[in-house]
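Report on one structure; see the data block that follows.
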Amino acid sequence: MKASIKSFIVPVLLSGGWGAVTLLLGYVFLNNVPLGYMFFYPMLLTGVAVAASAGRPGGMSYARAGITGLVSGFIYLLVSPMFPVFASILVGACLGGGLSPGGGRFGGLLNGTISTLKGMIIIPLVITSGEFLGAAIMIFLGSLLLAAVFWGAWLGMGVCLIRFPLFGKKRGDEDHRLISGLEEFRSESREIARDLGEFNEKAG
C-alpha cells in the first residue's frame with residue numbers, strides 16, 4: 001500500500017516542480033527565441049514522463065521516458081490548434097504506448113495495448129479538466145507560476161494513472177518467484193539427502 005501511494009505522490013510532486021522549472025526556463029531562455037513559447041508542452045511532458053518513470057520504474061530507462069514525453073509534447077503542439085480533442089487522444093496513445101511495461105512477446109503486446117487504451121481515455125479527461133482548473137487558478141489567484149506547477153502535477157497524475165497496473169500486482173511474477181524458490185529448495189533437499197546417504201554408508 002505504501003509503495004502504491006509513493007508511486008503516485010513522488011511523481012506528482014516531481015512533475016509539479018518540473019512545471020515551475022519549465023516556466024522559469026521559458027523566461028530565461030525562450031523569451032528571446034521566436035515562437036519560444038511553443039516549447040512549453042514538449043518540455044513539460046518530457047519532465048513529467050521522466051518523473052512518472054522515477055515513481056514506478058518497471059525496467060524503463062529515463063531516456064525512453066523522456067523521448068516519449070518530448071514526442072507527445074510536439075504532437076500536442078502541432079495538432080491541438082486545429083483538433084484539440086483529437087490531439088489529446090493522440091498524446092494519450094503516445095504516452096500509453098511509449099511508457100507501457102514490457103513482459104515478453106504476448107505479455108508486452110497485451111500490456112502495450114491496455115496502456116495505450118488507458119492513455120487515450122485518461123489523458124483527454126486530464127487535459128480537459130486541467131484547462132478549467134488552470135483557468136480558475138489564473139482568475140482567482142492570478143499566479144502563472146502556480147498554474148504551471150498545477151499543470152505539471154496534474155499531467156503527472158494522469159501519466160501515473162496510465163502506468164498504474166490495471167489489475168494490481170502481476171500474479172505471474174509472484175508464481176514464477178514461488179516456483180523458482182521451490183525448485184531451489186528441492187535441489188538443496190536432494191543434496192542433503194545424498195550427503196546423509198553417503199554418511200550412513202560410511203558409518204555402516
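FYI, nothing fancy with the C-alpha cells labels: chains A, B, ... in order, residues from 1 per chain, ligands from 1 as they appear.
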Residue neighbourhood A:Gly97, 9 Å, only C-alpha atoms, exclusion window fewer than 3 positions, as a PyMOL selection string: chain A and resi 68+92-94+100-101+111-117+119
Output for the residues just chosen: C-alpha atoms as a compact mmCIF listing (two decimals), in the first residue's frame:
```txt
# COMPACT_ATOMS: atom_id res chain seq x y z
CA THR A 68 8.18 9.62 -25.25
CA GLY A 92 -2.64 9.74 -24.59
CA ALA A 93 -1.96 6.96 -27.07
CA CYS A 94 1.67 8.03 -27.41
CA SER A 100 4.00 0.67 -21.21
CA PRO A 101 5.97 -2.01 -19.35
CA ASN A 111 0.40 -4.54 -21.75
CA GLY A 112 1.09 -2.10 -24.56
CA THR A 113 -2.47 -2.34 -25.89
CA ILE A 114 -4.03 -1.86 -22.45
CA SER A 115 -1.70 1.02 -21.62
CA THR A 116 -2.43 2.73 -24.96
CA LEU A 117 -6.20 2.45 -24.45
CA GLY A 119 -3.89 6.75 -22.22
```
Nearest to A:Ile162, chosen from A:Thr46, A:Ser61, A:Ser143, A:Ser53, with only C-alpha atoms counted in the distances: A:Ser53
Contact table stretch 41-157 of chain A vs stretch 16-26 of chain A, cut-off 10 Å, shortest pair per residue, only C-alpha atoms, as JSON lines:
```
{"residue": "A:Tyr41", "atom": "CA", "partner": "A:Thr22", "partner_atom": "CA", "distance": 9.0}
{"residue": "A:Pro42", "atom": "CA", "partner": "A:Thr22", "partner_atom": "CA", "distance": 9.8}
{"residue": "A:Met43", "atom": "CA", "partner": "A:Thr22", "partner_atom": "CA", "distance": 6.5}
{"residue": "A:Leu44", "atom": "CA", "partner": "A:Thr22", "partner_atom": "CA", "distance": 6.2}
{"residue": "A:Leu45", "atom": "CA", "partner": "A:Gly19", "partner_atom": "CA", "distance": 9.2}
{"residue": "A:Thr46", "atom": "CA", "partner": "A:Trp18", "partner_atom": "CA", "distance": 9.5}
{"residue": "A:Gly47", "atom": "CA", "partner": "A:Trp18", "partner_atom": "CA", "distance": 6.2}
{"residue": "A:Val48", "atom": "CA", "partner": "A:Trp18", "partner_atom": "CA", "distance": 7.2}
{"residue": "A:Ala51", "atom": "CA", "partner": "A:Trp18", "partner_atom": "CA", "distance": 8.7}
{"residue": "A:Leu144", "atom": "CA", "partner": "A:Leu23", "partner_atom": "CA", "distance": 8.5}
{"residue": "A:Leu145", "atom": "CA", "partner": "A:Ala20", "partner_atom": "CA", "distance": 6.1}
{"residue": "A:Leu146", "atom": "CA", "partner": "A:Ala20", "partner_atom": "CA", "distance": 7.7}
{"residue": "A:Ala147", "atom": "CA", "partner": "A:Gly19", "partner_atom": "CA", "distance": 8.5}
{"residue": "A:Ala148", "atom": "CA", "partner": "A:Gly19", "partner_atom": "CA", "distance": 5.0}
{"residue": "A:Val149", "atom": "CA", "partner": "A:Gly16", "partner_atom": "CA", "distance": 4.4}
{"residue": "A:Phe150", "atom": "CA", "partner": "A:Gly16", "partner_atom": "CA", "distance": 6.1}
{"residue": "A:Trp151", "atom": "CA", "partner": "A:Gly19", "partner_atom": "CA", "distance": 6.6}
{"residue": "A:Gly152", "atom": "CA", "partner": "A:Gly16", "partner_atom": "CA", "distance": 4.4}
{"residue": "A:Ala153", "atom": "CA", "partner": "A:Gly16", "partner_atom": "CA", "distance": 4.1}
{"residue": "A:Trp154", "atom": "CA", "partner": "A:Gly16", "partner_atom": "CA", "distance": 7.7}
{"residue": "A:Leu155", "atom": "CA", "partner": "A:Gly16", "partner_atom": "CA", "distance": 8.7}
{"residue": "A:Gly156", "atom": "CA", "partner": "A:Gly16", "partner_atom": "CA", "distance": 7.6}
{"residue": "A:Met157", "atom": "CA", "partner": "A:Gly16", "partner_atom": "CA", "distance": 9.7}
```
Export C-alpha atoms of the chosen residues as a PDB file, in the first residue's frame?
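Listed below is the output, result07.pdb:
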```
ATOM      1  CA  TYR A  41       4.387  21.466 -23.683  1.00  0.00           C
ATOM      2  CA  PRO A  42       7.301  19.442 -25.151  1.00  0.00           C
ATOM      3  CA  MET A  43       9.494  20.493 -22.219  1.00  0.00           C
ATOM      4  CA  LEU A  44       6.739  19.931 -19.675  1.00  0.00           C
ATOM      5  CA  LEU A  45       5.738  16.474 -20.915  1.00  0.00           C
ATOM      6  CA  THR A  46       9.378  15.397 -21.145  1.00  0.00           C
ATOM      7  CA  GLY A  47       9.907  16.074 -17.446  1.00  0.00           C
ATOM      8  CA  VAL A  48       6.532  14.621 -16.478  1.00  0.00           C
ATOM      9  CA  ALA A  51       9.100  11.772 -13.233  1.00  0.00           C
ATOM     10  CA  LEU A 144       1.235  31.986 -13.601  1.00  0.00           C
ATOM     11  CA  LEU A 145       3.772  30.087 -11.503  1.00  0.00           C
ATOM     12  CA  LEU A 146       1.058  28.264  -9.545  1.00  0.00           C
ATOM     13  CA  ALA A 147      -0.717  27.477 -12.802  1.00  0.00           C
ATOM     14  CA  ALA A 148       2.493  25.946 -14.195  1.00  0.00           C
ATOM     15  CA  VAL A 149       3.001  23.911 -11.019  1.00  0.00           C
ATOM     16  CA  PHE A 150      -0.597  22.733 -11.219  1.00  0.00           C
ATOM     17  CA  TRP A 151      -0.275  21.710 -14.878  1.00  0.00           C
ATOM     18  CA  GLY A 152       2.854  19.737 -14.176  1.00  0.00           C
ATOM     19  CA  ALA A 153       1.320  17.935 -11.190  1.00  0.00           C
ATOM     20  CA  TRP A 154      -1.991  17.341 -12.976  1.00  0.00           C
ATOM     21  CA  LEU A 155      -0.348  15.825 -16.048  1.00  0.00           C
ATOM     22  CA  GLY A 156       1.935  13.813 -13.779  1.00  0.00           C
ATOM     23  CA  MET A 157      -1.097  12.356 -12.049  1.00  0.00           C
TER      24      MET A 157
END
```
Using only C-alpha atoms: which of A:Gly66, A:Lys118, A:Leu133, A:Leu141 has the shortest distance to A:Gly96: A:Lys118
Expected answer as number ranges by chain: alpha helix (DSSP H) residues in stretch 35-145 of chain A: A: 40-55, 62-79, 84-98, 105-140, 144-145
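Relative to atom CA of A:Leu99, atom CA of A:Ala135 is found at 28.8 Å.
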Residue among A:Leu95, A:Phe140, A:Arg163, A:Ala87 lying closest to A:Ile127, counting only C-alpha atoms: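 Using only C-alpha atoms, A:Ile127 sits closest to A:Ala87.
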Which residue of A:Ile122, A:Ala54, A:Ala136, A:Phe83 approaches A:Leu13 most closely, using only C-alpha atoms: A:Ala54
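Atom pair atom CA of A:Ile137 / atom CA of A:Ala65 has a distance of 28.9 Å (rounded to one decimal).
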